[in-house]
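*Asks:* This is the structure I want to talk about, given as structure tokens.
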Amino acid sequence: MKLEAIELYRLDLALQGPVGTAAGEHRRRPVAFVKVVTDAAVGWGECAALSGGTAVDPPLAAVWEQLAGPAARRLVTSARARGGHVPPAAQVARLFDASPPGRMAAAALEMAVLDAELRAGRATASLAGRLGVPPAGDGGRVPVGAMVGIPADRRAEAVVEAVAAAVSGGAVRVRIKIEPGWDVVPVRAVRAAYPDLLLQADANGSYRLGSEGDDAAERLSALDGAGLACIEQPLPPADLPALARLSRRLGTPVCLDESLTSLRRVTDALRAGACQVACLKPGRLGGLLAARRAQQACRDAGAGAFVGGFFETGFARSAHAALAGLPGFTLPGDLSHPDGYLDANPVAYPPTAGGSVRPYGGPGIAPPPAPGALAGAGAAVVVPAGR
Ligand code: MG
């Protein structure tokens with residue numbers, strides 16, 4: 001596949017309503033798409049970066065700068081060294097540095113090259129096949145999970161209503177956001193309304209271990225009776241020894257999310273005993289192929305894992321649905337329908353009724369973004385491969 005151009009598009013999407021977390025509120029959801037144009041096929045990739053970033057992820061503007069500058073140039077240079085041919089998807093991530101913007105840019109470009117390879121018929125036509133997902137009799141359907149934020153008015157009834165909407169939208173697992181002072185009440189309210197629901201709580205690093213009178217272990221052990229599948233990122237991401245100490249004191253498994261910024265961090269966390277469950281986000285880890293390696297590391301260590309989301313459009317979410325069929329993903333991923341959180345979803349996503357979703361069968365990762373949606377793209381940048 002000879003590289004002809006790399007194009008970037010930015011869509012200024014919004015969430016249907018504000019999503020509160022312990023680390024701040026999400027409102028708008030601008031999305032960057034990368035289009036890799038080759039002589040054999042066109043491939044699309046979606047950038048995971050959020051408008052304002054997170055504690056460990058760069059904001060979209062920083063990743064856009066990478067994509068439009070050094071990242072695109074590196075792909076062009078690599079192609080030139082191959083007589084103009086795009087490097088294989090499996091080699092794209094290694095072209096980029098391990099900085100957070102570098103990893104997110106790598107993930108978007110790798111996704112686009114994978115998509116082009118699938119469409120060009122160089123590999124299995126579906127992403128699930130390319131990732132080595134074992135064939136399943138039910139078309140490879142994977143269970144669907146959804147996320148519910150902290151309501152602005154802090155009413156337990158509001159969380160129960162949001163969980164009801166998620167369940168009626170097809171979710172068989174719900175993870176609710178918590179923070180110190182907003183934990184026991186919402187968890188117990190949801191549990192009372194849904195005694196059998198697969199339920200998780202996500203603290204986004206907001207508790208502290210050993211704070212006088214406000215100790216994370218004491219506060220969070222109050223949730224032990226609620227039958228949570230896990231408590232996600234209870235402490236700040238960097239301190240793996242503290243997370244390991246906390247996990248020894250809790251009856252509920254500890255899940256890590258923001259701590260897992262690279263495959264190396266995943267293996268460090270598993271080895272430290274800090275991670276019984278992993279929320280693996282391909283965009284943060286540097287791509288779908290890195291996430292595949294990370295789920296294998298979790299599986300080898302006997303830890304659970306699920307595919308985590310960043311309010312993707314139907315494009316990246318379709319990629320995640322395919323990825324989620326790998327056997328290391330033991331819990332339902334963030335695979336709910338984008339129509340449930342985006343004001344306008346530019347890429348079709350399969351129905352999530354019945355608690356599961358059938359990954360897109362190809363060719364490619366998902367249908368390309370709707371031309372009408374791209375016509376309104378706020379900014380497009382073209383990097384010609386010949387330059
Ligand atoms: Mg999280």
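In the structure tokens, chains take the letters A, B, ... in the order shown, each chain's residues start at 1, and ligands count up from 1 in the order shown.
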Env of A:Ala156: 8 Å cut, atoms = only C-alpha atoms, seq-sep filter 5 positions within chain, self excluded. Answer as a PyMOL selection string.
*Replies:* chain A and resi 185-186+189
*Asks:* So that I have them on file, write out the residues from the current selection with N, CA, C and O atoms, as a short mmCIF file (atom, residue, chain, number, x, y, z; two decimals), in the first residue's frame.
*Replies:*
```cif
data_model
loop_
_atom_site.label_atom_id
_atom_site.label_comp_id
_atom_site.auth_asym_id
_atom_site.auth_seq_id
_atom_site.Cartn_x
_atom_site.Cartn_y
_atom_site.Cartn_z
N VAL A 185 -23.80 5.99 49.66
CA VAL A 185 -25.21 6.29 49.33
C VAL A 185 -25.56 5.86 47.90
O VAL A 185 -26.52 5.09 47.69
N PRO A 186 -24.81 6.29 46.87
CA PRO A 186 -25.21 5.87 45.52
C PRO A 186 -25.05 4.37 45.29
O PRO A 186 -25.91 3.75 44.64
N ALA A 189 -27.91 2.59 46.96
CA ALA A 189 -29.19 2.87 46.27
C ALA A 189 -29.30 2.05 44.99
O ALA A 189 -30.36 1.47 44.70
#
```
*Asks:* Which residues are near ligand 1 in this structure, taking near to mean any atom at most 6 Å from a ligand atom and counting only C-alpha atoms and all ligand atoms? Format them as a list of chain:residue names.
*Replies:*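 Listed by chain and ascending number, the contacts are A:Asp202, A:Asn204, A:Asp257.
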*Asks:* Taking N, CA and C atoms for each residue, export the selection above as an mmCIF file, in the first residue's frame.
*Replies:*
```
data_model
loop_
_atom_site.group_PDB
_atom_site.id
_atom_site.type_symbol
_atom_site.label_atom_id
_atom_site.label_comp_id
_atom_site.auth_asym_id
_atom_site.auth_seq_id
_atom_site.Cartn_x
_atom_site.Cartn_y
_atom_site.Cartn_z
ATOM 1 N N ASP A 202 -16.136 3.596 40.236
ATOM 2 C CA ASP A 202 -14.906 4.188 39.705
ATOM 3 C C ASP A 202 -14.621 5.496 40.439
ATOM 4 N N ASN A 204 -11.701 7.365 40.169
ATOM 5 C CA ASN A 204 -10.789 8.268 39.450
ATOM 6 C C ASN A 204 -9.672 8.818 40.343
ATOM 7 N N ASP A 257 -7.036 1.917 36.322
ATOM 8 C CA ASP A 257 -7.367 2.540 35.033
ATOM 9 C C ASP A 257 -6.262 3.558 34.714
#
```
*Asks:* So, counting only C-alpha atoms, which residue among A:Val92, A:Val277, A:Val190, A:Val184 is closest to A:Val163?
*Replies:* A:Val190
*Asks:* Determine which residues of stretch 180-243 of chain A receive a DSSP assignment of helix (DSSP H, G or I), computed from the backbone, and state them as JSON, numbers by chain.
*Replies:* {"A": [184, 185, 186, 187, 188, 189, 190, 191, 192, 193, 216, 217, 218, 219, 220, 221, 224, 225, 226, 240, 241, 242, 243]}
*Asks:* Just write the chosen residues, N, CA and C atoms, as a PDB file, in the first residue's frame.
*Replies:*
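Heads up, here's the output in out30.pdb:
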```pdb
ATOM      1  N   VAL A 184     -21.037   5.475  49.514  1.00  0.00           N
ATOM      2  CA  VAL A 184     -21.933   4.481  50.115  1.00  0.00           C
ATOM      3  C   VAL A 184     -23.377   4.723  49.671  1.00  0.00           C
ATOM      4  N   VAL A 185     -23.803   5.991  49.660  1.00  0.00           N
ATOM      5  CA  VAL A 185     -25.208   6.287  49.330  1.00  0.00           C
ATOM      6  C   VAL A 185     -25.563   5.861  47.897  1.00  0.00           C
ATOM      7  N   PRO A 186     -24.809   6.290  46.875  1.00  0.00           N
ATOM      8  CA  PRO A 186     -25.215   5.869  45.524  1.00  0.00           C
ATOM      9  C   PRO A 186     -25.055   4.368  45.294  1.00  0.00           C
ATOM     10  N   VAL A 187     -23.972   3.779  45.843  1.00  0.00           N
ATOM     11  CA  VAL A 187     -23.761   2.338  45.621  1.00  0.00           C
ATOM     12  C   VAL A 187     -24.907   1.540  46.254  1.00  0.00           C
ATOM     13  N   ARG A 188     -25.268   1.897  47.496  1.00  0.00           N
ATOM     14  CA  ARG A 188     -26.353   1.141  48.143  1.00  0.00           C
ATOM     15  C   ARG A 188     -27.685   1.361  47.443  1.00  0.00           C
ATOM     16  N   ALA A 189     -27.914   2.585  46.959  1.00  0.00           N
ATOM     17  CA  ALA A 189     -29.188   2.870  46.274  1.00  0.00           C
ATOM     18  C   ALA A 189     -29.303   2.053  44.988  1.00  0.00           C
ATOM     19  N   VAL A 190     -28.194   2.002  44.224  1.00  0.00           N
ATOM     20  CA  VAL A 190     -28.237   1.233  42.971  1.00  0.00           C
ATOM     21  C   VAL A 190     -28.377  -0.251  43.283  1.00  0.00           C
ATOM     22  N   ARG A 191     -27.644  -0.705  44.301  1.00  0.00           N
ATOM     23  CA  ARG A 191     -27.702  -2.123  44.645  1.00  0.00           C
ATOM     24  C   ARG A 191     -29.104  -2.522  45.105  1.00  0.00           C
ATOM     25  N   ALA A 192     -29.767  -1.619  45.845  1.00  0.00           N
ATOM     26  CA  ALA A 192     -31.127  -1.933  46.317  1.00  0.00           C
ATOM     27  C   ALA A 192     -32.085  -2.053  45.134  1.00  0.00           C
ATOM     28  N   ALA A 193     -31.883  -1.191  44.119  1.00  0.00           N
ATOM     29  CA  ALA A 193     -32.782  -1.217  42.958  1.00  0.00           C
ATOM     30  C   ALA A 193     -32.435  -2.357  42.001  1.00  0.00           C
ATOM     31  N   ALA A 216      -8.789   5.874  53.117  1.00  0.00           N
ATOM     32  CA  ALA A 216      -9.438   5.225  51.963  1.00  0.00           C
ATOM     33  C   ALA A 216      -9.902   3.822  52.307  1.00  0.00           C
ATOM     34  N   ALA A 217      -9.051   3.079  53.050  1.00  0.00           N
ATOM     35  CA  ALA A 217      -9.408   1.686  53.325  1.00  0.00           C
ATOM     36  C   ALA A 217     -10.674   1.613  54.175  1.00  0.00           C
ATOM     37  N   GLU A 218     -10.772   2.547  55.165  1.00  0.00           N
ATOM     38  CA  GLU A 218     -11.982   2.526  56.005  1.00  0.00           C
ATOM     39  C   GLU A 218     -13.207   2.923  55.196  1.00  0.00           C
ATOM     40  N   ARG A 219     -13.055   3.980  54.428  1.00  0.00           N
ATOM     41  CA  ARG A 219     -14.212   4.455  53.645  1.00  0.00           C
ATOM     42  C   ARG A 219     -14.657   3.412  52.631  1.00  0.00           C
ATOM     43  N   LEU A 220     -13.691   2.845  51.921  1.00  0.00           N
ATOM     44  CA  LEU A 220     -14.054   1.944  50.818  1.00  0.00           C
ATOM     45  C   LEU A 220     -14.450   0.554  51.310  1.00  0.00           C
ATOM     46  N   SER A 221     -13.964   0.154  52.516  1.00  0.00           N
ATOM     47  CA  SER A 221     -14.388  -1.162  53.002  1.00  0.00           C
ATOM     48  C   SER A 221     -15.870  -1.147  53.366  1.00  0.00           C
ATOM     49  N   ASP A 224     -17.758  -3.041  50.876  1.00  0.00           N
ATOM     50  CA  ASP A 224     -17.485  -4.465  50.670  1.00  0.00           C
ATOM     51  C   ASP A 224     -18.749  -5.321  50.608  1.00  0.00           C
ATOM     52  N   GLY A 225     -19.796  -4.904  51.322  1.00  0.00           N
ATOM     53  CA  GLY A 225     -21.012  -5.725  51.330  1.00  0.00           C
ATOM     54  C   GLY A 225     -21.887  -5.546  50.106  1.00  0.00           C
ATOM     55  N   ALA A 226     -21.500  -4.630  49.215  1.00  0.00           N
ATOM     56  CA  ALA A 226     -22.375  -4.304  48.079  1.00  0.00           C
ATOM     57  C   ALA A 226     -22.178  -5.230  46.882  1.00  0.00           C
ATOM     58  N   LEU A 240       1.873   2.620  43.094  1.00  0.00           N
ATOM     59  CA  LEU A 240       1.471   1.210  43.042  1.00  0.00           C
ATOM     60  C   LEU A 240       1.614   0.509  44.393  1.00  0.00           C
ATOM     61  N   PRO A 241       2.681   0.783  45.192  1.00  0.00           N
ATOM     62  CA  PRO A 241       2.753   0.119  46.504  1.00  0.00           C
ATOM     63  C   PRO A 241       1.553   0.457  47.396  1.00  0.00           C
ATOM     64  N   ALA A 242       1.099   1.719  47.371  1.00  0.00           N
ATOM     65  CA  ALA A 242      -0.073   2.085  48.177  1.00  0.00           C
ATOM     66  C   ALA A 242      -1.318   1.369  47.664  1.00  0.00           C
ATOM     67  N   LEU A 243      -1.451   1.263  46.355  1.00  0.00           N
ATOM     68  CA  LEU A 243      -2.599   0.547  45.788  1.00  0.00           C
ATOM     69  C   LEU A 243      -2.558  -0.929  46.185  1.00  0.00           C
TER      70      LEU A 243
END
```
*Asks:* Skipping near chain neighbours, those fewer than 3 positions away, what residues fall within 7 Å of stretch 21-37 of chain A using only C-alpha atoms, listed as a PyMOL selection string?
*Replies:* chain A and resi 3-15+17-18+41-47+50-51+108-109+112-113+149-150+177-179+203-204+206
*Asks:* For A:Tyr207, work out the shell of residues within 7 Å, counting only C-alpha atoms and skipping chain neighbours fewer than 4 positions away, then give it as JSON, numbers by chain.
*Replies:* {"A": [180, 216, 234, 235]}
*Asks:* Go through A:Gly333, A:Pro87, A:Ala55, A:Phe310 and flag the residue nearest A:Gln233, using only C-alpha atoms for the distances.
*Replies:*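 Smallest distance to A:Gln233 is found for A:Ala55.
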*Asks:* Quick one, how far is atom CA of A:Arg299 from atom CA of A:Leu331?
*Replies:* 12.1 Å
*Asks:* Have a look at A:Gly210, A:Gly372, A:Pro143, A:Gly304 and name the one nearest to A:His320; count only C-alpha atoms.
*Replies:*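 Checking each of A:Gly210, A:Gly372, A:Pro143, A:Gly304 against A:His320, counting only C-alpha atoms, the winner is A:Pro143.
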*Asks:* Record the distance separating atom CA of A:Val266 and atom CA of A:Gly52, expressed in Å with one decimal.
*Replies:* 24.2 Å
*Asks:* Counting only C-alpha atoms, which of A:Lys281, A:Arg119, A:Arg293, A:Arg130 gets nearest to A:Pro363?
*Replies:*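 Between A:Lys281, A:Arg119, A:Arg293, A:Arg130, the residue approaching A:Pro363 most closely is A:Arg119.
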